[in-house]
Amino acid sequence: MATFVHTADVHLDTPFSANFSQKQMQLRRREVLKTFQKVLDAAKGKDFLFISGDLFDGRFVSLETVSFVKRCLRELGDTKVFIAAGNHDPLNPGSVYQGEDWGENVHIFSTQWEYFDFPELKTRIHGRSFGQEHEEDTLLTDLPVREDWCNMMVLHGDVVADGGKSAYNPMEKGKVAASGMDYLALGHIHQASGLVRLDNTRYAYPGVPEGRGFDEEGVKGFYQGVAEKGNVQLTWVPASRRSSWHLQVDVTDMEDSFQVQDAIVSAMEKAGSVEDIYKIYLIGQMGPCDLSIEVFKEELKDKAFYLDIIDETRPEISLTEMAKENTLRGDFVSAMLREIEVMLEEEKEIGYLALELGIKAMERGQGA
Amino acid sequence: MIQITEAVLIRFGKFQSVSLSFQNGLQVIYGGNEAGKSTLQLFLKVMLYGISGSKKDERGLKVRERIIPWEEKSAEGILRLIADGKNLEIRRKFGKTAAGDKTEILDSNTGSIIADYDPKQLGEQLLGVPESIFEKTFWLHQDGAFFGEADDVLNRRLLNLLETGAEDVSAERTLSWLEREKRALKAKDKRSNPGELDRYRDLREEKVKERYQLLSDMHQREAEERRLAEEKVKLETAKTEIERLKNLAEQKSRILELDAGKKKLEQAQRMLEFARQVEAREDYQKFQALNESLIEKVEILEKKIETLDQMDAIEYDIRQTEERISMAQEREKKNSFFLVVGIALLVVAMFFSVIHWGWTVFFGTVGLFLIGSALFHGQRAKKIAWEKAEEKTRILAERESAVRERDALVADYQSILESYGCKNAQDLYAGFLRYRQSAIEAEGFRKTYESLMEDEDAQTLSGKIQEADEILAKYEDLLKADLDTEMQRMQEIQLSAVSNIKEIEGKLSYVFHGNRNPADAETEILQIDQKILDLEKKEKALDLATAVFTRVHEKRKSDFTPFVNEKVNGFLDILTGGKYQDVRVSEEYQLKLFPDEHHLYPAEYFSKGTYEQTYFALRLALGSLLGDGTEPLFLDDFLIAYDDTRAELALGLLQKLAKERQIFLFTCHQRDAKNAEKLDASIHCLEEE
């Protein structure tokens with residue numbers, strides 16, 4: 001029975017989507033490296049470490065980071081490390097993987113299918129790297145499966161429905177099921193997938209080990225598992241130093257800004273800790289009340305590593321009722337609603353913003 | 001309905017404690033110039049609306065300057081009126097600034113203050129329109145055609161004729177707010193202040209440049225780090241190589257020592273061989289037994305023999321002696337001849353002694369000399385011959401003795417020489433010298449040998465040579481290698497590497513130290529991009545809101561404009577006696593008339609009377625649209641430009657309107673006052689002071 005750790009999409013030296021200060025950015029970059037180190041600590045003593053692509057984020061990877069990764073991987077000693085390059089760090093002529101001192105225990109799959117046998121574990125490891133940013137044709141193909149052994153694969157890409165498309169190695173579920181693999185250690189999807197079974201084949205995406213933005217919400221981690229012919233067991237291990245939370249706080253019926261602030265704190269405490277990264281959207285309808293976002297941020301700065309609050313509240317009015325008014329405002333709201341109705345879905349946001357700005361102009365303009 | 005019942009001008013302009021009472025219907029206030037008509041009209045307005053701002057009139061006077069009497073600090077008055085059945089008393093006092101103003105609104109029946117009215121909003125509360133609209137509808141001063149620019153408040157109020165409530169939306173201000181928001185996003189042109197979107201786009205450009213620089217710096221730094229690593233490797237390699245070369249040099253030194261030892265030993269062997277070769281020479285062997293005493297003996301023998309060999313000299317002496325004897329004998333013969341000659345000469349002399357003395361002397365002397373000489377030398381020759389004969393005898397004896405001795409010596413001498421194979425002593429000595437030379441030579445070789453050998457024995461020597469041969473064969477290349485040059489090269493590399501490392505480390509510490517990661521700049525660019533995206537959405541939304549708002553506003557305006565046109569036409573028809581029935585009111589309240597069915601001209605193209613009548617019709621139309629038709633009208637000498645017919649028509653219209661409202665007509669023209677009187681108007685005459 002082979003033991004392994006499976007990670008992917010570490011995105012080392014990534015830019016962040018939050019509006020971090022310089023110090024916060026530096027700290028976060030180091031934290032991502034430390035989280036990766038945590039994954040490697042878990043891999044010590046295991047037979048294999050699978051890194052299924054996008055270990056590095058791309059063009060901003062520093063030599064220091066690459067050196068750090070190489071040193072950490074070399075220090076794993078007996079654990080065999082298999083890396084399949086992904087769309088962010090494809091194995092092309094300028095790739096960071098082209099260096100030589102990766103260590104005896106590290107293998108970076110080429111852009112052709114390769115496999116390695118481990119007779120003592122009755123295991124065959126298959127893998128292949130992305131050679132370019134986009135792989136629109138599936139990389140999955142008939143592989144030399146060792147029938148009586150456990151076959152595992154390290155690969156980056158999208159599992160899609162049969163006939164589905166993707167610019168990142170589309171792997172149809174039917175082909176995955178027929179691949180003959182016992183386990184596909186996949187990368188590309190940033191949320192942990194859990195162990196998915198398709199006939200006798202299982203696959204999993206571990207997600208990112210450390211969230212980089214608000215689209216990678218919550219606690220992140222990696223998988224460790226055991227595998228033998230016909231049997232794979234996975235355990236998800238949380239690893240992220242901090243979690244990002246994208247929260248909505250509905251302020252409807254709230255009477256003052258203190259109540260709003262309490263609701264923000266409550267939502268933050270419910271989701272995560274003071275170590276975490278928050279983006280709070282204030283939504284709903286509220287009566288005349290100064291929401292003083294900057295004051296909230298100042299008062300709550302010790303409640304989070306990073307906090308951003310966005311006011312998306314709407315005036316306490318009903319648009320449909322307003323549209324019925326036989327007034328200029330009613331005509332405007334009505335005309336805007338008609339415009340929005342025929343807009344493309346992605347443009348509707350602009351329509352609603354125009355509606356909001358128009359109403360605000362009619363209200364605020366009078367005091368000017 | 002509002003009905004003004006009394007105006008009390010306590011202290012107001014030229015008026016001091018003047019009271020005027022009014023009735024319903026048309027009120028004509030008649031007076032000559034400077035009678036105070038305009039002051040009274042102003043009184044009625046400020047009592048209703050108060051004084052706001054510091055607007056000046058056409059003479060450049062502020063309202064307060066006009067109404068506060070000279071040497072007074074305030075103006076004051078009371079206006080009594082009936083509003084919605086309530087008797088109100090408005091008491092206002094106007095100071096030189098707004099701070100000095102005081103207003104009270106009382107119930108004139110009870111004297112109690114009515115709190116429902118806001119002094120600042122009183123006019124609007126009573127008449128339903130703000131002051132600006134009041135001035136364009138219910139208030140007509142002498143330049144009645146002057147309408148000013150498009151009035152947004154008026155527009156708004158007209159727009160809301162078609163709606164219920166929500167009268168507070170100003171299209172102009174709404175569009176202005178939207179425009180301001182757009183300008184806050186994006187500058188109108190390059191000369192304008194940049195908007196937020198412009199600033200973010202500029203910032204993005206800066207950040208992109210910074211990212212490029214950081215990326216370039218990072219690559220440069222990484223290149224320097226790689227170079228540093230390479231230089232460190234070079235340094236380590238050079239150090240290792242230098243250490244290896246040192247070891248090799250030591251090894252080579254040892255091998256060279258070994259080689260030198262081997263050569264020494266080989267040299268020793270050669271010396272020994274040379275010694276042996278020298279000792280094996282024939283001369284060495286032959287003359288080895290020879291010693292110096294024997295040589296001396298042979299030399300002595302040889303000398304002796306040589307000495308004995310002087311017999312040759314003896315023989316010579318003998319021969320010499322014999323020759324001398326022979327010569328002496330010859331000389332004797334010659335002397336005998338000269339004796340004979342001498343004698344002969346003497347004879348001659350004697351012969352000549354007779355004939356010639358001279359000749360006698362001569363011959364006699366020569367003959368005597370010859371005789372004497374012959375006698376002397378003859379004697380001497382005989383002596384020599386004798387002595388030589390004796391000597392010859394002695395020499396012959398000596399020769400005999402020497403020959404015997406020589407023979408003995410020669411036998412001994414020959415015996416010695418033969419044993420060494422020499423011909424003579426010289427040969428023997430030469431042979432001995434050669435032996436001695438060889439012996440010295442051999443000894444020299446042997447001494448060198450011994451010196452080279454030191455304490456070694458031959459066997460050890462042999463072993464050492466063999467070992468040296470093996471080691472030397474093994475390190476043949478090393479011995480050939482130019483270690484010094486290689487060492488020098490490595491030391492140069494080491495020095496260069498140390499220097500380069502210092503330079504690169506310095507560069508990394510000072511040039512690149514503190515540089516941000518380009519990913520940070522990228523993060524900021526992403527944030528800016530998001531901000532730009534949001535602002536661009538807002539820009540689009542503002543454009544959309546502006547377009548939609550403008551569209552609906554236009555639509556509403558197009559809805560109310562015909563309505564206004566119709567009202568104006570109604571009044572203009574009456575005022576012009578049916579001459580003009582079709583008028584168009586523009587958005588800016590500019591009026592155009594159809595003098596015939598096909599042409600439309602601005603009102604300014606027509607006579608002053610028609611022009612003023614048109615605008616009067618507009619005011620009446622707007623007033624009737626905005627009010628309920630019961631608000632009082634205040635008209636200041638507006639009939640000046642009217643001809644008699646139209647003045648009568650206008651007064652007829654006023655009389656008709658006055659059935660529903662109070663109309664205050666201020667005039668200085670008797671014609672109009674009289675005409676009004678005919679129409680049962682109340683006439684109030686203002687007298688000049």
# chains A, B, ... in the order shown; residues from 1 in each chain; ligands from 1

call {"tool": "interface_residues", "arguments": {"of": "chain B", "to": "chain A", "cutoff": "7 Å", "atoms": "only C-alpha atoms", "output": "ChimeraX atom specification"}}
result
/B:160,163-164,166,168-170,173-174,177-178,222,518-520,522-523,526-527,537-538,540-542,544-545,548-549,552-553

call {"tool": "write_last_selection", "arguments": {"atoms": "N, CA, C and O atoms", "output": "compact mmCIF listing (two decimals), in the first residue's frame"}}
result
# COMPACT_ATOMS: atom_id res chain seq x y z
N ASN B 160 -44.48 68.97 -13.31
CA ASN B 160 -45.27 68.31 -12.29
C ASN B 160 -46.76 68.64 -12.37
O ASN B 160 -47.55 68.17 -11.58
N GLU B 163 -48.14 65.46 -13.06
CA GLU B 163 -47.94 64.36 -12.11
C GLU B 163 -48.62 64.70 -10.80
O GLU B 163 -49.17 65.76 -10.62
N THR B 164 -48.45 63.76 -9.93
CA THR B 164 -49.00 64.02 -8.60
C THR B 164 -47.84 63.98 -7.63
O THR B 164 -47.11 63.00 -7.56
N ALA B 166 -44.23 64.77 -5.61
CA ALA B 166 -42.81 64.68 -6.00
C ALA B 166 -42.39 65.85 -6.87
O ALA B 166 -41.89 65.70 -7.96
N ASP B 168 -40.11 67.87 -6.34
CA ASP B 168 -38.78 68.40 -6.03
C ASP B 168 -37.68 67.98 -6.99
O ASP B 168 -36.52 68.20 -6.74
N VAL B 169 -38.04 67.32 -8.08
CA VAL B 169 -36.99 66.89 -9.00
C VAL B 169 -36.66 67.99 -10.01
O VAL B 169 -37.53 68.40 -10.77
N SER B 170 -35.42 68.43 -9.98
CA SER B 170 -34.99 69.44 -10.94
C SER B 170 -34.18 68.75 -12.02
O SER B 170 -33.15 68.15 -11.75
N ARG B 173 -30.72 70.37 -12.35
CA ARG B 173 -29.80 69.98 -11.27
C ARG B 173 -29.45 68.49 -11.33
O ARG B 173 -28.34 68.09 -11.01
N THR B 174 -30.44 67.72 -11.74
CA THR B 174 -30.17 66.28 -11.85
C THR B 174 -29.10 66.04 -12.91
O THR B 174 -28.11 65.34 -12.67
N TRP B 177 -25.82 67.27 -11.73
CA TRP B 177 -25.19 66.34 -10.76
C TRP B 177 -24.54 65.17 -11.49
O TRP B 177 -23.41 64.79 -11.20
N LEU B 178 -25.28 64.66 -12.48
CA LEU B 178 -24.73 63.52 -13.24
C LEU B 178 -23.47 63.96 -14.00
O LEU B 178 -22.47 63.24 -14.06
N GLU B 222 18.54 38.37 -10.09
CA GLU B 222 18.71 36.92 -10.17
C GLU B 222 19.94 36.55 -11.00
O GLU B 222 20.65 35.61 -10.68
N PRO B 518 7.98 42.07 -7.87
CA PRO B 518 7.08 42.53 -8.93
C PRO B 518 5.66 42.04 -8.74
O PRO B 518 4.72 42.66 -9.23
N ALA B 519 5.51 40.93 -8.02
CA ALA B 519 4.15 40.44 -7.75
C ALA B 519 3.36 41.47 -6.94
O ALA B 519 2.14 41.56 -7.05
N ASP B 520 4.09 42.27 -6.12
CA ASP B 520 3.40 43.31 -5.34
C ASP B 520 2.84 44.37 -6.28
O ASP B 520 1.70 44.82 -6.12
N GLU B 522 2.13 43.88 -9.34
CA GLU B 522 1.04 43.22 -10.07
C GLU B 522 -0.23 43.22 -9.23
O GLU B 522 -1.32 43.44 -9.75
N THR B 523 -0.06 42.96 -7.92
CA THR B 523 -1.22 42.99 -7.02
C THR B 523 -1.87 44.37 -7.09
O THR B 523 -3.09 44.49 -7.20
N LEU B 526 -3.66 44.82 -10.29
CA LEU B 526 -4.94 44.09 -10.26
C LEU B 526 -5.99 44.91 -9.52
O LEU B 526 -7.14 45.01 -9.93
N GLN B 527 -5.53 45.48 -8.39
CA GLN B 527 -6.47 46.30 -7.60
C GLN B 527 -6.90 47.53 -8.39
O GLN B 527 -8.08 47.90 -8.40
N LYS B 537 -17.54 51.14 -15.20
CA LYS B 537 -18.95 50.76 -15.09
C LYS B 537 -19.76 51.97 -14.64
O LYS B 537 -20.84 52.24 -15.16
N LYS B 538 -19.18 52.69 -13.68
CA LYS B 538 -19.89 53.87 -13.18
C LYS B 538 -20.03 54.91 -14.30
O LYS B 538 -21.09 55.53 -14.44
N LYS B 540 -20.14 54.31 -17.52
CA LYS B 540 -21.18 53.85 -18.44
C LYS B 540 -22.55 54.07 -17.82
O LYS B 540 -23.51 54.48 -18.50
N ALA B 541 -22.63 53.78 -16.52
CA ALA B 541 -23.92 53.93 -15.84
C ALA B 541 -24.34 55.39 -15.83
O ALA B 541 -25.53 55.71 -16.03
N LEU B 542 -23.38 56.30 -15.60
CA LEU B 542 -23.71 57.73 -15.61
C LEU B 542 -24.17 58.16 -16.99
O LEU B 542 -25.14 58.93 -17.12
N LEU B 544 -25.53 56.24 -19.20
CA LEU B 544 -26.84 55.63 -19.41
C LEU B 544 -27.91 56.41 -18.64
O LEU B 544 -28.98 56.73 -19.19
N ALA B 545 -27.60 56.72 -17.37
CA ALA B 545 -28.57 57.46 -16.56
C ALA B 545 -28.86 58.82 -17.20
O ALA B 545 -30.02 59.25 -17.27
N VAL B 548 -30.99 58.27 -20.38
CA VAL B 548 -32.37 57.88 -20.08
C VAL B 548 -33.12 59.05 -19.44
O VAL B 548 -34.27 59.34 -19.80
N PHE B 549 -32.42 59.72 -18.50
CA PHE B 549 -33.08 60.84 -17.83
C PHE B 549 -33.43 61.94 -18.83
O PHE B 549 -34.53 62.49 -18.82
N VAL B 552 -36.46 60.88 -20.90
CA VAL B 552 -37.78 60.94 -20.24
C VAL B 552 -38.16 62.40 -19.95
O VAL B 552 -39.32 62.78 -20.01
N HIS B 553 -37.11 63.18 -19.68
CA HIS B 553 -37.38 64.60 -19.43
C HIS B 553 -37.93 65.28 -20.69
O HIS B 553 -38.90 66.03 -20.65

call {"tool": "residues_around", "arguments": {"residues": "segment 136-142 of chain B", "least_positions_apart": "4", "cutoff": "9 Å", "atoms": "only C-alpha atoms", "output": "ChimeraX atom specification"}}
result
/B:38,41,45,131-132,147-148,154,616,618-624,626,631-640

call {"tool": "closest_residue", "arguments": {"among": "A:Lys70, A:Lys173, A:Lys165, A:His188", "to": "Val96 of chain A", "atoms": "only C-alpha atoms"}}
result
A:Lys70

call {"tool": "residues_around", "arguments": {"residues": "Ala42 of chain A", "least_positions_apart": "6", "cutoff": "12 Å", "atoms": "only C-alpha atoms", "output": "JSON, numbers by chain"}}
result
{"A": [3, 4, 5, 6, 7, 35, 36, 48, 49, 76, 79, 221, 222, 223, 224, 225, 235, 236, 237, 238, 239]}

call {"tool": "closest_residue", "arguments": {"among": "A:Ala167, A:Val159, A:Ile293, A:Met181", "to": "Ile310 of chain A", "atoms": "only C-alpha atoms"}}
result
A:Ile293

call {"tool": "residues_around", "arguments": {"residues": "Asp9 of chain A", "least_positions_apart": "6", "cutoff": "7 Å", "atoms": "only C-alpha atoms", "output": "ChimeraX atom specification"}}
result
/A:53-55,187-188,190,207-208

call {"tool": "residues_around", "arguments": {"residues": "segment 31-36 of chain B", "least_positions_apart": "3", "cutoff": "9 Å", "atoms": "only C-alpha atoms", "output": "PyMOL selection string"}}
result
chain B and resi 13-15+39-41+666-670+684-689

call {"tool": "write_last_selection", "arguments": {"atoms": "all heavy atoms", "output": "tab-separated table (two decimals), in the first residue's frame"}}
result
chain	number	residue	atom	x	y	z
B	13	GLY	N	-39.13	102.69	2.77
B	13	GLY	CA	-38.78	103.58	1.68
B	13	GLY	C	-39.20	105.00	2.03
B	13	GLY	O	-38.89	105.52	3.09
B	14	LYS	N	-39.91	105.55	1.10
B	14	LYS	CA	-40.34	106.92	1.34
B	14	LYS	C	-41.57	106.99	2.23
B	14	LYS	O	-42.01	108.07	2.64
B	14	LYS	CB	-40.61	107.61	-0.02
B	14	LYS	CG	-41.79	106.99	-0.79
B	14	LYS	CD	-41.95	107.60	-2.15
B	14	LYS	CE	-42.48	109.01	-2.02
B	14	LYS	NZ	-42.77	109.60	-3.35
B	15	PHE	N	-42.17	105.84	2.47
B	15	PHE	CA	-43.41	105.84	3.26
B	15	PHE	C	-43.15	105.77	4.76
B	15	PHE	O	-42.32	104.97	5.21
B	15	PHE	CB	-44.29	104.64	2.85
B	15	PHE	CG	-44.77	104.69	1.41
B	15	PHE	CD1	-44.20	103.89	0.43
B	15	PHE	CD2	-45.80	105.57	1.05
B	15	PHE	CE1	-44.63	103.93	-0.88
B	15	PHE	CE2	-46.23	105.60	-0.27
B	15	PHE	CZ	-45.65	104.80	-1.24
B	39	THR	N	-42.33	101.18	-4.93
B	39	THR	CA	-42.00	100.89	-3.53
B	39	THR	C	-43.12	100.08	-2.89
B	39	THR	O	-42.88	99.12	-2.16
B	39	THR	CB	-41.77	102.21	-2.76
B	39	THR	OG1	-40.76	102.95	-3.43
B	39	THR	CG2	-41.32	101.93	-1.34
B	40	LEU	N	-44.36	100.50	-3.22
B	40	LEU	CA	-45.49	99.77	-2.66
B	40	LEU	C	-45.54	98.34	-3.20
B	40	LEU	O	-45.79	97.39	-2.46
B	40	LEU	CB	-46.80	100.52	-3.01
B	40	LEU	CG	-48.09	99.87	-2.49
B	40	LEU	CD1	-48.05	99.72	-0.97
B	40	LEU	CD2	-49.31	100.69	-2.91
B	41	GLN	N	-45.26	98.24	-4.50
B	41	GLN	CA	-45.24	96.88	-5.10
B	41	GLN	C	-44.18	96.02	-4.43
B	41	GLN	O	-44.40	94.87	-4.09
B	41	GLN	CB	-44.95	97.00	-6.59
B	41	GLN	CG	-45.20	95.71	-7.34
B	41	GLN	CD	-44.97	95.87	-8.84
B	41	GLN	OE1	-44.57	96.94	-9.32
B	41	GLN	NE2	-45.24	94.82	-9.59
B	666	PHE	N	-50.52	98.79	-10.93
B	666	PHE	CA	-49.86	100.05	-10.59
B	666	PHE	C	-49.68	100.83	-11.88
B	666	PHE	O	-49.10	100.29	-12.84
B	666	PHE	CB	-48.48	99.76	-9.96
B	666	PHE	CG	-48.57	98.98	-8.67
B	666	PHE	CD1	-48.67	97.60	-8.67
B	666	PHE	CD2	-48.59	99.66	-7.45
B	666	PHE	CE1	-48.76	96.90	-7.51
B	666	PHE	CE2	-48.69	98.94	-6.28
B	666	PHE	CZ	-48.77	97.56	-6.29
B	667	THR	N	-50.14	102.05	-11.92
B	667	THR	CA	-50.01	102.83	-13.16
B	667	THR	C	-49.85	104.33	-12.87
B	667	THR	O	-50.32	104.83	-11.86
B	667	THR	CB	-51.21	102.59	-14.09
B	667	THR	OG1	-51.04	103.34	-15.27
B	667	THR	CG2	-52.53	103.00	-13.43
B	668	CYS	N	-49.18	104.95	-13.81
B	668	CYS	CA	-49.03	106.41	-13.70
B	668	CYS	C	-49.82	107.10	-14.83
B	668	CYS	O	-49.68	108.29	-15.05
B	668	CYS	CB	-47.56	106.81	-13.73
B	668	CYS	SG	-46.74	106.34	-15.24
B	669	HIS	N	-50.56	106.26	-15.56
B	669	HIS	CA	-51.31	106.79	-16.71
B	669	HIS	C	-52.79	106.90	-16.39
B	669	HIS	O	-53.42	105.91	-16.00
B	669	HIS	CB	-51.11	105.87	-17.93
B	669	HIS	CG	-49.68	105.87	-18.40
B	669	HIS	ND1	-49.17	106.87	-19.18
B	669	HIS	CD2	-48.65	105.02	-18.14
B	669	HIS	CE1	-47.88	106.61	-19.42
B	669	HIS	NE2	-47.55	105.48	-18.77
B	670	GLN	N	-53.22	108.13	-16.61
B	670	GLN	CA	-54.63	108.42	-16.30
B	670	GLN	C	-55.55	107.58	-17.17
B	670	GLN	O	-56.63	107.16	-16.73
B	670	GLN	CB	-54.91	109.91	-16.55
B	670	GLN	CG	-55.81	110.51	-15.52
B	670	GLN	CD	-55.87	112.03	-15.61
B	670	GLN	OE1	-55.64	112.63	-16.65
B	670	GLN	NE2	-56.23	112.64	-14.49
B	684	HIS	N	-56.83	103.56	-6.11
B	684	HIS	CA	-56.09	104.09	-4.95
B	684	HIS	C	-55.08	105.07	-5.49
B	684	HIS	O	-54.23	104.70	-6.30
B	684	HIS	CB	-55.33	102.95	-4.21
B	684	HIS	CG	-56.24	101.82	-3.83
B	684	HIS	ND1	-56.91	101.77	-2.64
B	684	HIS	CD2	-56.61	100.70	-4.51
B	684	HIS	CE1	-57.63	100.65	-2.58
B	684	HIS	NE2	-57.47	99.98	-3.73
B	685	CYS	N	-55.21	106.31	-5.10
B	685	CYS	CA	-54.29	107.32	-5.60
B	685	CYS	C	-53.15	107.55	-4.62
B	685	CYS	O	-53.38	107.73	-3.42
B	685	CYS	CB	-55.04	108.65	-5.79
B	685	CYS	SG	-56.19	108.59	-7.16
B	686	LEU	N	-51.96	107.50	-5.14
B	686	LEU	CA	-50.78	107.79	-4.31
B	686	LEU	C	-50.36	109.20	-4.63
B	686	LEU	O	-50.17	109.56	-5.80
B	686	LEU	CB	-49.63	106.84	-4.65
B	686	LEU	CG	-49.79	105.38	-4.21
B	686	LEU	CD1	-48.54	104.60	-4.61
B	686	LEU	CD2	-50.01	105.27	-2.71
B	687	GLU	N	-50.25	109.99	-3.63
B	687	GLU	CA	-49.89	111.37	-3.87
B	687	GLU	C	-48.40	111.56	-3.64
B	687	GLU	O	-47.81	110.96	-2.73
B	687	GLU	CB	-50.69	112.27	-2.93
B	687	GLU	CG	-52.18	112.28	-3.27
B	687	GLU	CD	-52.98	113.14	-2.30
B	687	GLU	OE1	-52.35	113.75	-1.43
B	687	GLU	OE2	-54.20	113.16	-2.42
B	688	GLU	N	-47.88	112.46	-4.49
B	688	GLU	CA	-46.46	112.76	-4.30
B	688	GLU	C	-46.29	113.57	-3.04
B	688	GLU	O	-47.17	114.29	-2.63
B	688	GLU	CB	-45.94	113.57	-5.50
B	688	GLU	CG	-45.88	112.76	-6.75
B	688	GLU	CD	-45.37	113.60	-7.90
B	688	GLU	OE1	-44.47	114.43	-7.68
B	688	GLU	OE2	-45.88	113.42	-9.02
B	689	GLU	N	-45.12	113.45	-2.45
B	689	GLU	CA	-44.87	114.19	-1.23
B	689	GLU	C	-44.77	115.66	-1.56
B	689	GLU	O	-44.26	116.05	-2.59
B	689	GLU	CB	-43.54	113.73	-0.62
B	689	GLU	CG	-43.66	112.41	0.06
B	689	GLU	CD	-42.35	112.05	0.73
B	689	GLU	OE1	-41.90	112.75	1.64
B	689	GLU	OE2	-41.77	111.03	0.30

call {"tool": "select_by_dssp", "arguments": {"residues": "segment 79-324 of chain B", "states": "helix (DSSP H, G or I)", "output": "VMD selection string"}}
result
chain B and resid 98 to 100 119 to 127 131 to 137 152 to 162 171 to 185 196 to 279 282 to 287 292 to 308 311 to 324

call {"tool": "residues_around", "arguments": {"residues": "Asn24 of chain B", "least_positions_apart": "6", "cutoff": "10 Å", "atoms": "only C-alpha atoms", "output": "PyMOL selection string"}}
result
chain B and resi 2-5+632+658-664+681-682

call {"tool": "residues_around", "arguments": {"residues": "segment 181-187 of chain B", "least_positions_apart": "2", "cutoff": "7 Å", "atoms": "only C-alpha atoms", "output": "list in words"}}
result
Trp177, Leu178, Glu179, Asp189, Lys190, Ser192, Asn193, Pro194, Gly195, Glu196, Leu197, Asp198, Glu539 and Leu542 of chain B

call {"tool": "write_last_selection", "arguments": {"atoms": "N, CA and C atoms", "output": "compact mmCIF listing (two decimals), in the first residue's frame"}}
result
# COMPACT_ATOMS: atom_id res chain seq x y z
N TRP B 177 -25.82 67.27 -11.73
CA TRP B 177 -25.19 66.34 -10.76
C TRP B 177 -24.54 65.17 -11.49
N LEU B 178 -25.28 64.66 -12.48
CA LEU B 178 -24.73 63.52 -13.24
C LEU B 178 -23.47 63.96 -14.00
N GLU B 179 -23.52 65.17 -14.55
CA GLU B 179 -22.36 65.69 -15.28
C GLU B 179 -21.18 65.87 -14.32
N ASP B 189 -11.55 67.74 -20.83
CA ASP B 189 -10.48 67.85 -21.82
C ASP B 189 -9.15 67.91 -21.07
N LYS B 190 -8.08 68.08 -21.84
CA LYS B 190 -6.76 68.01 -21.23
C LYS B 190 -6.49 69.15 -20.25
N SER B 192 -8.67 70.36 -18.19
CA SER B 192 -9.46 70.21 -16.97
C SER B 192 -8.71 69.35 -15.96
N ASN B 193 -9.15 69.47 -14.71
CA ASN B 193 -8.55 68.62 -13.68
C ASN B 193 -8.86 67.16 -13.99
N PRO B 194 -7.88 66.29 -13.82
CA PRO B 194 -8.16 64.87 -14.11
C PRO B 194 -9.17 64.29 -13.13
N GLY B 195 -10.01 63.39 -13.66
CA GLY B 195 -11.00 62.73 -12.82
C GLY B 195 -10.40 61.49 -12.16
N GLU B 196 -11.22 60.84 -11.36
CA GLU B 196 -10.74 59.68 -10.61
C GLU B 196 -10.30 58.57 -11.57
N LEU B 197 -11.06 58.37 -12.63
CA LEU B 197 -10.72 57.34 -13.61
C LEU B 197 -9.41 57.70 -14.31
N ASP B 198 -9.26 58.98 -14.66
CA ASP B 198 -8.01 59.44 -15.28
C ASP B 198 -6.84 59.17 -14.35
N GLU B 539 -18.95 55.05 -15.10
CA GLU B 539 -19.00 56.00 -16.21
C GLU B 539 -20.11 55.61 -17.19
N LEU B 542 -23.38 56.30 -15.60
CA LEU B 542 -23.71 57.73 -15.61
C LEU B 542 -24.17 58.16 -16.99

call {"tool": "atom_distance", "arguments": {"atom1": "atom CA of His246 of chain A", "atom2": "atom CA of Glu298 of chain A"}}
result
18.9 Å

call {"tool": "atom_distance", "arguments": {"atom1": "atom CA of Arg204 of chain B", "atom2": "atom CA of Ile525 of chain B"}}
result
6.1 Å

call {"tool": "select_by_dssp", "arguments": {"residues": "segment 88-160 of chain A", "states": "strand (DSSP E or B)", "output": "JSON, numbers by chain"}}
result
{"A": [106, 107, 108, 114, 115, 116, 117, 118, 123, 124, 125, 126, 127, 135, 150, 151, 152, 153, 154, 155, 156, 158, 159, 160]}

call {"tool": "closest_residue", "arguments": {"among": "A:Leu155, A:Ala177, A:Ala192, A:Ile280", "to": "Val251 of chain A", "atoms": "only C-alpha atoms"}}
result
A:Ile280

call {"tool": "atom_distance", "arguments": {"atom1": "atom CA of Ile309 of chain A", "atom2": "atom CA of Ser266 of chain A"}}
result
14.0 Å
